[in-house]
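Source file: query_32.cif (mmCIF, C-alpha atoms and all ligand atoms)
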data_model
#
loop_
_atom_site.label_atom_id
_atom_site.label_comp_id
_atom_site.auth_asym_id
_atom_site.auth_seq_id
_atom_site.Cartn_x
_atom_site.Cartn_y
_atom_site.Cartn_z
CA MET U 1 0.00 0.00 0.00
CA THR U 2 1.31 3.44 -0.91
CA PRO U 3 -0.04 6.25 1.26
CA ASN U 4 -0.78 9.75 -0.03
CA THR U 5 2.64 10.56 -1.45
CA ASN U 6 1.71 14.23 -1.74
CA TYR U 7 2.65 14.50 1.93
CA ALA U 8 6.27 14.04 0.87
CA ASN U 9 5.97 17.33 -1.01
CA LEU U 10 5.11 19.33 2.12
CA LYS U 11 7.80 21.73 3.25
CA ASP U 12 8.64 21.47 6.93
CA SER U 13 6.58 23.97 8.82
CA TYR U 14 9.63 25.63 10.27
CA LEU U 15 8.18 29.10 10.94
CA PHE U 16 6.70 28.69 14.40
CA TYR U 17 9.16 25.91 15.24
CA ASN U 18 12.11 28.20 14.48
CA ILE U 19 10.58 31.02 16.50
CA ALA U 20 10.04 28.68 19.46
CA GLN U 21 13.62 27.34 19.21
CA LYS U 22 15.16 30.81 19.04
CA THR U 23 13.13 32.17 21.96
CA LYS U 24 13.85 29.04 24.03
CA LYS U 25 17.58 29.42 23.44
CA TYR U 26 17.43 33.12 24.33
CA LEU U 27 15.62 32.36 27.59
CA GLU U 28 18.11 29.61 28.48
CA GLU U 29 20.93 32.10 28.00
CA HIS U 30 19.09 34.95 29.76
CA PRO U 31 17.06 33.28 32.51
CA GLY U 32 14.30 35.36 34.08
CA THR U 33 13.94 37.72 31.07
CA LYS U 34 10.37 38.66 30.19
CA LEU U 35 9.81 38.48 26.45
CA LEU U 36 7.16 40.71 24.88
CA ARG U 37 5.32 38.34 22.57
CA MET U 38 3.92 40.27 19.62
CA GLY U 39 3.89 37.27 17.29
CA ILE U 40 0.97 35.31 18.60
CA GLY U 41 -2.08 34.73 16.44
CA ASP U 42 -4.10 33.69 19.48
CA VAL U 43 -6.38 35.95 21.47
CA SER U 44 -5.63 36.91 25.06
CA LEU U 45 -9.07 38.08 26.29
CA PRO U 46 -11.66 35.59 27.57
CA LEU U 47 -15.10 34.86 26.13
CA CYS U 48 -17.63 37.64 26.72
CA ASP U 49 -20.33 37.35 29.41
CA ALA U 50 -23.20 36.81 26.95
CA VAL U 51 -21.46 33.73 25.52
CA ILE U 52 -20.49 32.37 28.93
CA LYS U 53 -24.08 32.71 30.15
CA LYS U 54 -25.43 30.80 27.13
CA LEU U 55 -22.77 28.09 27.52
CA HIS U 56 -23.80 27.58 31.15
CA GLU U 57 -27.47 27.41 30.19
CA ALA U 58 -26.68 24.89 27.48
CA VAL U 59 -24.73 22.69 29.90
CA ASP U 60 -27.75 22.72 32.22
CA ASP U 61 -30.04 21.84 29.27
CA GLN U 62 -28.00 18.68 28.79
CA SER U 63 -28.74 17.59 32.37
CA GLU U 64 -32.55 17.32 31.94
CA LYS U 65 -34.46 14.83 29.89
CA GLY U 66 -36.80 17.53 28.54
CA SER U 67 -34.04 19.84 27.25
CA PHE U 68 -31.31 17.30 26.46
CA HIS U 69 -29.88 17.29 22.90
CA GLY U 70 -28.30 14.27 21.28
CA TYR U 71 -26.86 14.40 17.76
CA MET U 72 -27.23 17.84 16.24
CA PRO U 73 -28.09 18.46 12.57
CA GLU U 74 -24.88 17.92 10.57
CA CYS U 75 -25.02 21.30 8.81
CA GLY U 76 -25.74 23.22 12.02
CA ALA U 77 -28.59 23.97 14.40
CA ASP U 78 -31.39 26.00 12.84
CA PHE U 79 -31.19 28.60 15.64
CA LEU U 80 -27.53 29.33 14.82
CA ARG U 81 -27.86 29.15 11.03
CA GLU U 82 -30.74 31.63 11.27
CA ALA U 83 -28.81 33.94 13.63
CA ILE U 84 -25.85 34.01 11.20
CA ALA U 85 -28.11 34.64 8.17
CA GLU U 86 -29.68 37.55 10.09
CA TYR U 87 -26.22 38.92 10.92
CA TYR U 88 -25.48 39.06 7.18
CA GLY U 89 -28.94 40.55 6.55
CA LYS U 90 -28.10 43.51 8.79
CA ARG U 91 -25.30 44.38 6.34
CA GLY U 92 -27.63 44.04 3.36
CA VAL U 93 -26.52 40.52 2.35
CA LYS U 94 -29.56 38.32 1.92
CA LEU U 95 -28.89 34.69 2.80
CA SER U 96 -31.19 31.82 3.46
CA SER U 97 -30.28 29.87 6.57
CA ASP U 98 -29.66 26.72 4.51
CA GLU U 99 -26.82 28.55 2.76
CA VAL U 100 -25.04 28.77 6.15
CA PHE U 101 -23.13 25.72 7.45
CA VAL U 102 -21.92 25.73 11.05
CA SER U 103 -18.36 24.43 11.41
CA SER U 104 -15.87 23.74 14.14
CA GLY U 105 -13.63 26.52 12.84
CA ALA U 106 -12.17 27.96 9.67
CA SER U 107 -9.04 25.76 9.61
CA ASP U 108 -11.11 22.59 9.47
CA GLU U 109 -13.24 24.00 6.66
CA LEU U 110 -10.32 25.34 4.63
CA GLY U 111 -8.98 21.80 4.39
CA ASP U 112 -12.27 19.91 4.13
CA ILE U 113 -13.80 22.15 1.44
CA LEU U 114 -11.28 20.82 -1.10
CA ASP U 115 -13.45 17.68 -1.21
CA LEU U 116 -15.83 19.69 -3.42
CA PHE U 117 -13.29 20.14 -6.16
CA GLY U 118 -11.91 16.66 -6.74
CA ARG U 119 -8.37 15.94 -7.90
CA ASP U 120 -5.71 17.70 -9.95
CA LYS U 121 -7.00 21.22 -9.62
CA THR U 122 -5.06 24.43 -10.14
CA VAL U 123 -5.37 26.77 -7.19
CA MET U 124 -4.28 30.39 -7.01
CA ILE U 125 -2.86 31.61 -3.72
CA MET U 126 -1.98 35.25 -3.16
CA GLU U 127 1.15 35.60 -1.08
CA PRO U 128 2.13 36.38 1.63
CA ALA U 129 -0.50 33.88 2.75
CA TYR U 130 -1.85 32.03 5.75
CA PRO U 131 0.29 28.85 5.48
CA ALA U 132 -2.65 26.40 5.69
CA TYR U 133 -3.84 27.30 2.16
CA VAL U 134 -0.62 26.03 0.63
CA ASP U 135 -0.27 22.97 2.83
CA ALA U 136 -3.88 21.77 2.38
CA ASN U 137 -3.45 21.96 -1.39
CA VAL U 138 -0.09 20.22 -1.37
CA MET U 139 -1.70 17.37 0.60
CA ALA U 140 -4.50 17.22 -1.98
CA GLY U 141 -1.96 17.06 -4.82
CA ASN U 142 -3.20 20.27 -6.44
CA THR U 143 -1.05 22.56 -8.55
CA ILE U 144 -0.45 25.90 -6.86
CA ILE U 145 -0.04 29.21 -8.68
CA HIS U 146 1.69 31.53 -6.24
CA ILE U 147 0.73 35.17 -6.81
CA PRO U 148 3.26 37.41 -5.10
CA SER U 149 2.22 40.82 -3.82
CA GLY U 150 4.18 43.73 -2.43
CA MET U 151 4.42 47.43 -1.71
CA GLU U 152 3.73 48.24 -5.38
CA ASN U 153 0.12 47.07 -5.01
CA ASP U 154 -0.15 47.53 -1.22
CA PHE U 155 -0.35 43.73 -0.96
CA LEU U 156 -3.62 43.63 -2.92
CA PRO U 157 -2.85 41.89 -6.24
CA SER U 158 -5.10 42.10 -9.33
CA PRO U 159 -6.22 39.16 -11.47
CA ASP U 160 -4.00 38.02 -14.33
CA ASP U 161 -5.94 37.07 -17.44
CA SER U 162 -3.18 34.80 -18.73
CA LEU U 163 -3.69 32.35 -15.83
CA ASN U 164 -6.46 29.77 -15.52
CA PRO U 165 -7.12 28.82 -11.89
CA ASP U 166 -9.91 26.47 -10.81
CA VAL U 167 -9.89 27.79 -7.25
CA ILE U 168 -8.81 31.22 -5.98
CA TYR U 169 -8.05 31.99 -2.33
CA ILE U 170 -8.76 35.49 -1.08
CA CYS U 171 -8.18 36.42 2.55
CA SER U 172 -9.52 39.88 3.39
CA PRO U 173 -8.70 41.39 5.90
CA ASN U 174 -5.51 39.52 5.26
CA ASN U 175 -3.36 37.45 7.56
CA PRO U 176 -0.46 38.34 7.63
CA THR U 177 -0.56 41.72 5.83
CA GLY U 178 -3.75 43.21 7.30
CA ALA U 179 -4.54 44.54 3.79
CA VAL U 180 -8.25 44.66 2.86
CA PHE U 181 -9.77 44.55 -0.62
CA GLY U 182 -12.13 47.43 -1.44
CA LYS U 183 -15.38 46.75 -3.30
CA GLU U 184 -14.02 47.64 -6.74
CA ALA U 185 -10.93 45.50 -6.42
CA LEU U 186 -13.00 42.58 -5.13
CA LYS U 187 -15.44 43.01 -8.01
CA GLU U 188 -12.51 42.50 -10.41
CA TRP U 189 -11.80 39.16 -8.74
CA VAL U 190 -15.46 38.13 -8.82
CA ASP U 191 -15.72 38.97 -12.54
CA TYR U 192 -12.48 37.11 -13.19
CA ALA U 193 -13.67 34.00 -11.32
CA ASN U 194 -16.97 33.99 -13.20
CA LYS U 195 -15.17 34.42 -16.51
CA LYS U 196 -12.71 31.61 -15.73
CA ASP U 197 -15.38 29.32 -14.28
CA ALA U 198 -13.31 29.29 -11.06
CA VAL U 199 -14.52 29.25 -7.45
CA ILE U 200 -13.28 31.82 -4.93
CA ILE U 201 -12.70 30.68 -1.37
CA PHE U 202 -13.10 33.88 0.59
CA ASP U 203 -11.58 33.72 4.06
CA ALA U 204 -13.39 36.32 6.18
CA ALA U 205 -11.88 35.28 9.53
CA TYR U 206 -11.07 38.93 10.37
CA GLU U 207 -14.17 40.69 9.02
CA ALA U 208 -15.18 41.93 12.48
CA PHE U 209 -12.02 44.06 12.63
CA ILE U 210 -13.06 46.24 9.67
CA GLU U 211 -13.75 49.79 10.82
CA ASP U 212 -13.82 51.60 7.47
CA ASN U 213 -17.49 51.50 6.41
CA SER U 214 -16.70 51.52 2.72
CA LEU U 215 -14.88 48.15 2.90
CA PRO U 216 -16.73 44.86 2.30
CA HIS U 217 -17.01 42.42 5.24
CA SER U 218 -18.30 39.69 2.97
CA ILE U 219 -17.67 38.77 -0.66
CA PHE U 220 -21.44 38.51 -1.02
CA GLU U 221 -21.61 42.31 -0.86
CA ILE U 222 -20.24 42.16 -4.43
CA ASP U 223 -22.53 41.62 -7.43
CA GLY U 224 -21.91 38.28 -9.09
CA ALA U 225 -20.31 36.64 -6.03
CA ARG U 226 -23.23 34.28 -5.43
CA ALA U 227 -22.33 32.60 -8.72
CA CYS U 228 -18.66 32.00 -7.86
CA ALA U 229 -17.81 32.22 -4.15
CA ILE U 230 -17.73 30.28 -0.92
CA GLU U 231 -17.11 32.26 2.27
CA ILE U 232 -15.38 30.73 5.27
CA CYS U 233 -15.57 32.51 8.59
CA SER U 234 -14.60 31.91 12.19
CA LEU U 235 -15.54 33.09 15.65
CA SER U 236 -11.94 32.55 16.79
CA LYS U 237 -10.69 36.13 16.58
CA THR U 238 -14.12 37.77 16.37
CA ALA U 239 -15.30 36.40 19.68
CA GLY U 240 -12.34 34.67 21.32
CA PHE U 241 -13.34 31.14 20.24
CA THR U 242 -9.81 29.90 19.43
CA GLY U 243 -10.04 27.27 22.17
CA THR U 244 -13.82 26.91 22.15
CA ARG U 245 -14.10 26.30 18.36
CA CYS U 246 -16.92 27.43 16.13
CA GLY U 247 -17.11 28.92 12.66
CA TYR U 248 -19.35 28.95 9.63
CA THR U 249 -19.25 28.57 5.87
CA VAL U 250 -21.59 30.17 3.35
CA ILE U 251 -22.33 28.39 0.07
CA PRO U 252 -24.99 30.10 -2.06
CA SER U 253 -27.79 27.89 -3.33
CA GLU U 254 -27.15 28.86 -6.96
CA LEU U 255 -23.40 28.07 -6.94
CA THR U 256 -22.93 25.40 -9.58
CA ARG U 257 -19.99 24.08 -11.54
CA GLY U 258 -20.10 21.42 -14.25
CA GLY U 259 -23.86 21.14 -13.75
CA MET U 260 -23.45 20.22 -10.08
CA ASN U 261 -24.73 22.26 -7.14
CA LEU U 262 -22.00 22.96 -4.56
CA ASN U 263 -24.44 23.70 -1.72
CA SER U 264 -26.13 20.29 -2.18
CA MET U 265 -22.74 18.62 -2.48
CA TRP U 266 -21.65 20.20 0.83
CA VAL U 267 -24.84 18.99 2.53
CA ARG U 268 -23.96 15.50 1.28
CA ASN U 269 -20.38 15.94 2.46
CA ARG U 270 -21.31 17.15 5.95
CA THR U 271 -23.98 14.49 6.46
CA THR U 272 -21.38 11.87 5.54
CA LYS U 273 -18.26 13.18 7.25
CA THR U 274 -19.54 14.91 10.40
CA ASN U 275 -22.15 14.46 13.05
CA GLY U 276 -22.52 18.16 13.69
CA ILE U 277 -21.06 20.60 16.20
CA SER U 278 -21.79 20.26 19.90
CA TYR U 279 -25.13 21.72 21.02
CA ILE U 280 -23.37 23.51 23.88
CA LEU U 281 -20.95 25.32 21.59
CA GLN U 282 -23.62 26.28 19.08
CA LYS U 283 -25.77 27.70 21.85
CA GLY U 284 -22.79 29.69 23.15
CA ALA U 285 -21.96 30.86 19.62
CA SER U 286 -25.54 32.04 19.08
CA ALA U 287 -25.00 34.67 21.79
CA VAL U 288 -22.33 36.32 19.63
CA PHE U 289 -25.03 37.36 17.15
CA THR U 290 -27.36 39.00 19.69
CA ASP U 291 -27.23 42.79 20.18
CA GLU U 292 -25.70 42.35 23.63
CA GLY U 293 -23.17 39.79 22.32
CA GLN U 294 -22.13 42.12 19.50
CA LYS U 295 -21.58 44.98 21.95
CA GLN U 296 -19.49 42.77 24.22
CA ILE U 297 -17.29 41.21 21.52
CA HIS U 298 -16.63 44.67 20.09
CA ARG U 299 -15.45 45.85 23.52
CA ASN U 300 -12.77 43.14 23.32
CA ILE U 301 -11.96 43.93 19.69
CA ASP U 302 -11.52 47.58 20.72
CA VAL U 303 -8.79 46.53 23.15
CA TYR U 304 -6.89 44.88 20.27
CA LYS U 305 -7.55 47.93 18.11
CA GLU U 306 -6.00 50.19 20.74
CA ASN U 307 -2.96 47.88 20.70
CA ALA U 308 -2.84 48.33 16.92
CA ARG U 309 -2.91 52.11 17.34
CA MET U 310 0.07 51.98 19.75
CA LEU U 311 2.13 50.01 17.24
CA MET U 312 1.03 52.17 14.31
CA ARG U 313 1.96 55.36 16.19
CA ALA U 314 5.43 53.90 16.78
CA LEU U 315 5.88 53.00 13.10
CA ASP U 316 4.56 56.40 11.99
CA GLU U 317 7.06 58.10 14.28
CA LEU U 318 9.82 55.99 12.76
CA GLY U 319 8.61 56.66 9.20
CA ILE U 320 8.38 52.93 8.47
CA TYR U 321 6.06 51.56 5.76
CA TYR U 322 3.35 49.17 6.96
CA THR U 323 -0.04 47.78 5.99
CA GLY U 324 -2.84 46.62 8.29
CA GLY U 325 -3.67 47.77 11.78
CA HIS U 326 -6.72 49.86 10.88
CA ASN U 327 -9.04 47.10 9.71
CA ALA U 328 -7.16 44.01 10.87
CA PRO U 329 -5.44 42.70 13.99
CA TYR U 330 -2.09 42.43 12.18
CA ILE U 331 0.51 45.00 11.26
CA TRP U 332 2.89 44.16 8.45
CA MET U 333 5.97 46.36 8.48
CA LYS U 334 8.92 46.73 6.16
CA CYS U 335 12.12 45.76 7.93
CA PRO U 336 14.37 48.82 8.12
CA ASP U 337 17.62 49.24 6.15
CA GLY U 338 16.87 46.38 3.74
CA CYS U 339 17.15 43.86 6.57
CA ASP U 340 15.82 40.35 5.88
CA SER U 341 13.00 39.16 8.10
CA TRP U 342 14.94 36.58 10.17
CA THR U 343 17.81 39.04 10.84
CA PHE U 344 15.23 41.56 12.01
CA PHE U 345 13.62 38.88 14.19
CA ASP U 346 17.00 38.19 15.85
CA LYS U 347 17.65 41.90 16.33
CA LEU U 348 14.32 42.50 18.11
CA LEU U 349 14.73 39.38 20.24
CA ASN U 350 18.32 40.08 21.26
CA GLU U 351 18.21 43.83 21.63
CA ILE U 352 14.72 44.64 22.95
CA GLN U 353 13.29 41.21 23.87
CA VAL U 354 10.33 41.58 21.49
CA VAL U 355 9.12 38.53 19.56
CA GLY U 356 7.29 38.98 16.25
CA THR U 357 6.83 36.85 13.13
CA PRO U 358 9.28 36.98 10.20
CA GLY U 359 7.42 37.68 6.95
CA GLU U 360 9.37 35.08 5.01
CA GLY U 361 7.34 32.38 6.77
CA PHE U 362 4.26 33.44 4.76
CA GLY U 363 5.85 33.02 1.33
CA LYS U 364 9.02 34.14 -0.45
CA CYS U 365 7.73 37.65 -1.17
CA GLY U 366 7.25 38.12 2.59
CA ASP U 367 11.00 38.31 3.12
CA GLY U 368 12.04 41.79 4.21
CA TYR U 369 8.78 42.21 6.15
CA PHE U 370 7.71 41.48 9.69
CA ARG U 371 4.31 40.79 11.27
CA PHE U 372 3.12 42.13 14.59
CA SER U 373 -0.07 40.75 16.04
CA THR U 374 -2.20 43.00 18.23
CA PHE U 375 -3.57 40.24 20.46
CA SER U 376 -1.12 40.75 23.33
CA SER U 377 -1.93 42.70 26.48
CA PRO U 378 -2.06 46.53 26.22
CA GLU U 379 0.80 46.77 28.76
CA ASP U 380 3.12 44.52 26.73
CA THR U 381 2.13 46.19 23.47
CA MET U 382 2.84 49.66 24.85
CA GLU U 383 6.23 48.55 26.14
CA ALA U 384 7.09 46.82 22.84
CA ALA U 385 6.11 49.93 20.86
CA SER U 386 8.25 52.16 23.04
CA ARG U 387 11.28 49.82 22.84
CA LEU U 388 10.87 49.65 19.05
CA VAL U 389 11.01 53.44 18.77
CA LYS U 390 14.09 53.65 21.02
CA LEU U 391 15.85 50.93 19.02
CA LEU U 392 15.13 52.20 15.55
CA LYS U 393 15.06 55.97 15.99
CA LYS U 394 18.03 57.47 14.21
N1 LIG K 401 -8.00 31.84 8.41
C1 LIG K 401 -7.08 32.74 8.77
C2 LIG K 401 -6.69 33.77 7.78
C3 LIG K 401 -6.49 32.68 10.03
O1 LIG K 401 -5.56 33.58 10.36
C4 LIG K 401 -6.88 31.67 10.93
C5 LIG K 401 -6.28 31.57 12.26
O2 LIG K 401 -5.34 32.21 12.64
C6 LIG K 401 -7.83 30.76 10.52
C7 LIG K 401 -8.37 30.87 9.26
C8 LIG K 401 -8.24 29.63 11.40
O3 LIG K 401 -9.23 29.97 12.24
P1 LIG K 401 -9.91 28.89 13.21
O4 LIG K 401 -9.40 29.17 14.58
O5 LIG K 401 -11.37 29.15 13.08
O6 LIG K 401 -9.56 27.53 12.74
#

What does this structure look like when you write it as structure tokens?
Ligand code: PLP
Amino acid sequence: MTPNTNYANLKDSYLFYNIAQKTKKYLEEHPGTKLLRMGIGDVSLPLCDAVIKKLHEAVDDQSEKGSFHGYMPECGADFLREAIAEYYGKRGVKLSSDEVFVSSGASDELGDILDLFGRDKTVMIMEPAYPAYVDANVMAGNTIIHIPSGMENDFLPSPDDSLNPDVIYICSPNNPTGAVFGKEALKEWVDYANKKDAVIIFDAAYEAFIEDNSLPHSIFEIDGARACAIEICSLSKTAGFTGTRCGYTVIPSELTRGGMNLNSMWVRNRTTKTNGISYILQKGASAVFTDEGQKQIHRNIDVYKENARMLMRALDELGIYYTGGHNAPYIWMKCPDGCDSWTFFDKLLNEIQVVGTPGEGFGKCGDGYFRFSTFSSPEDTMEAASRLVKLLKK
């Protein structure tokens, strides 16, 4: 028996391993030092009260015969699918609840969704990119077209008519660059996908961080997207669900390719490969979409946004180019003096004890850039920003 030999084509995921090794070594050599960790992609604030209250209620429901829930519907509980459809409705995006699929998080869906496309597909990935897009497609044996982006297009590349992708990944607001596609630029991608008969996988994991009202939170705000796009979203960063796990995927009912309906195919997939998400989690997640829940999660998001402002003020003072920060929890800065991203990582670790993420880990074109996350505590972020200014001010 030969296993899936595509796994042999995976590059070692050295990014976070290397960071961990370097910080471990530093701490061994400098015991007792407090590192300011600005690299983490995990949240630091707990779940909001509205969610906690619903989780408790749901646990109690499971203790009584009358309110106990066994297997949940594979595609999600009606109460949560409806709450999510209503959330979109408030932004003018009309969805029917059976176009919403509840998931256990965006990572799971980003890998699983490839089942819809079958083998030997050509996928387009804009880089720098969230590493899971590349790895999931290498495992599936797909051909990857890497689309580099940079300062020249503010990390928002345009479609290239000479290429013929089957699947196109768009992450907006972007991890790692924090760049966000405007409506016109996104419309170009939607028209391109429709023309090429491709499907866009739109990763909206950071939509809740958008503060500029003119920017789209969902690809379904763009005309024509219902004919070509799948949207994958997560409550991880929106509502602090990284360890609790819940997300959702939107597949429009009219999305078809090769005469087959992708929404019906996903129903078939979910009913075969899952037995649904826990009742308790779905009940907790439903609180996120209430008015009170929205107020509370935005109080937490505002803390991260204030962190972003501290880092942006520091970079502005230093006159350093960056993207992100305003509409995303990441800041993507150009390393000063033409420094490569790992040298800059070492410099910050050794000289000011700040840990960030080298841009090279998100694709070749990320070299020379550095990612700060804004999920740390305000105290650590303020201290990191001030040390950065002292270190780099000429
Ligand atoms: N998509 C992007 C762009 C992310 O940055 C992340 C997590 O960092 C995910 C998806 C995964 O989210 P989840 O926690 O829902 O699996």

Can you list, as a short mmCIF file (atom, residue, chain, number, x, y, z; two decimals) with C-alpha atoms, in the frame of the given file, every protein, DNA or RNA residue that comes within 12 Å of U:His69 when you count all atoms listed in the file, leaving out same-chain residues fewer than 5 positions away?
data_model
loop_
_atom_site.label_atom_id
_atom_site.label_comp_id
_atom_site.auth_asym_id
_atom_site.auth_seq_id
_atom_site.Cartn_x
_atom_site.Cartn_y
_atom_site.Cartn_z
CA ALA U 58 -26.68 24.89 27.48
CA VAL U 59 -24.73 22.69 29.90
CA ASP U 60 -27.75 22.72 32.22
CA ASP U 61 -30.04 21.84 29.27
CA GLN U 62 -28.00 18.68 28.79
CA SER U 63 -28.74 17.59 32.37
CA GLU U 64 -32.55 17.32 31.94
CA ALA U 77 -28.59 23.97 14.40
CA GLY U 276 -22.52 18.16 13.69
CA ILE U 277 -21.06 20.60 16.20
CA SER U 278 -21.79 20.26 19.90
CA TYR U 279 -25.13 21.72 21.02
CA ILE U 280 -23.37 23.51 23.88
CA GLN U 282 -23.62 26.28 19.08
CA LYS U 283 -25.77 27.70 21.85
#

Q.
Show me the residues close to (-3.7, 26.1, 5.4) - anything with an atom within 10 Å, counting only C-alpha atoms - and format the list as a PyMOL selection string.
A. chain U and resi 106-111+129-138

Q | Site check for ligand LIG 401 (chain K): residues at most 8 Å away, all atoms listed in the file, as a PyMOL selection string | A | chain U and resi 41-42+104-110+129-130+171+174-176+203-206+233-237+241-243+245-247

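Comparing U:Ala185, U:Ile40, U:Ala314, U:Leu114 by their smallest distance to U:Phe16, the closest is U:Ile40 (using only C-alpha atoms).
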
Q.
I'd like the contact shell of stretch 336-340 of chain U - 9 Å cut-off, all atoms listed in the file, skipping same-chain residues fewer than 5 positions apart - returned as a ChimeraX atom specification.
A. /U:320,345,358-360,367-369,392

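Our summary of the geometry notes that atom CA of U:Met139 is positioned 7.2 Å from atom CA of U:Leu10.
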
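Of the listed residues (U:Glu221, U:Asp302, U:Asp115, U:Asp49), U:Asp115 comes nearest to U:Met265; the distances count all atoms listed in the file.
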
Q) Near U:Gly293, counting all atoms listed in the file, which residues have an atom at most 9 Å away, once you skip same-chain residues fewer than 6 positions from it, shown as an MDAnalysis selection string? A) chainID U and resid 48:51 239 286:287

Any chance you could export the current selection's C-alpha atoms as a PDB file, in the frame of the given file?
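The new file out20.pdb reads:
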ATOM      1  CA  CYS U  48     -17.630  37.640  26.720  1.00  0.00           C
ATOM      2  CA  ASP U  49     -20.330  37.350  29.410  1.00  0.00           C
ATOM      3  CA  ALA U  50     -23.200  36.810  26.950  1.00  0.00           C
ATOM      4  CA  VAL U  51     -21.460  33.730  25.520  1.00  0.00           C
ATOM      5  CA  ALA U 239     -15.300  36.400  19.680  1.00  0.00           C
ATOM      6  CA  SER U 286     -25.540  32.040  19.080  1.00  0.00           C
ATOM      7  CA  ALA U 287     -25.000  34.670  21.790  1.00  0.00           C
TER       8      ALA U 287
END

Q.
Counting all atoms listed in the file, find residues at most 9 Å from (-18.5, 37.6, -11.5) (file frame) and give them as number ranges by chain.
A. U: 187-195, 222-228

Using the file's own x, y and z axes, what box holds all listed atoms of stretch 352-363 of chain U with 5 Å on each side, keeping edges along x, y and z, and what are its centre and edge lengths in Å to one decimal, as JSON?
{"center_x": 9.5, "center_y": 38.5, "center_z": 12.6, "size_x": 20.5, "size_y": 22.3, "size_z": 32.5}

Q. When you draw a straight line from atom CA of U:Phe181 to atom CA of U:Asp98, how long is it in Å?
A. 27.2 Å

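Remark: for U:Thr381, the closest of the candidate residues U:Leu36, U:Leu27, U:Ala208, U:Ala229 is U:Leu36 (distances computed over only C-alpha atoms).
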
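Ranking U:Trp342, U:His217, U:Lys364, U:Leu315 by their shortest atom-to-atom distance to U:Leu388, with all atoms listed in the file included, puts U:Leu315 first.
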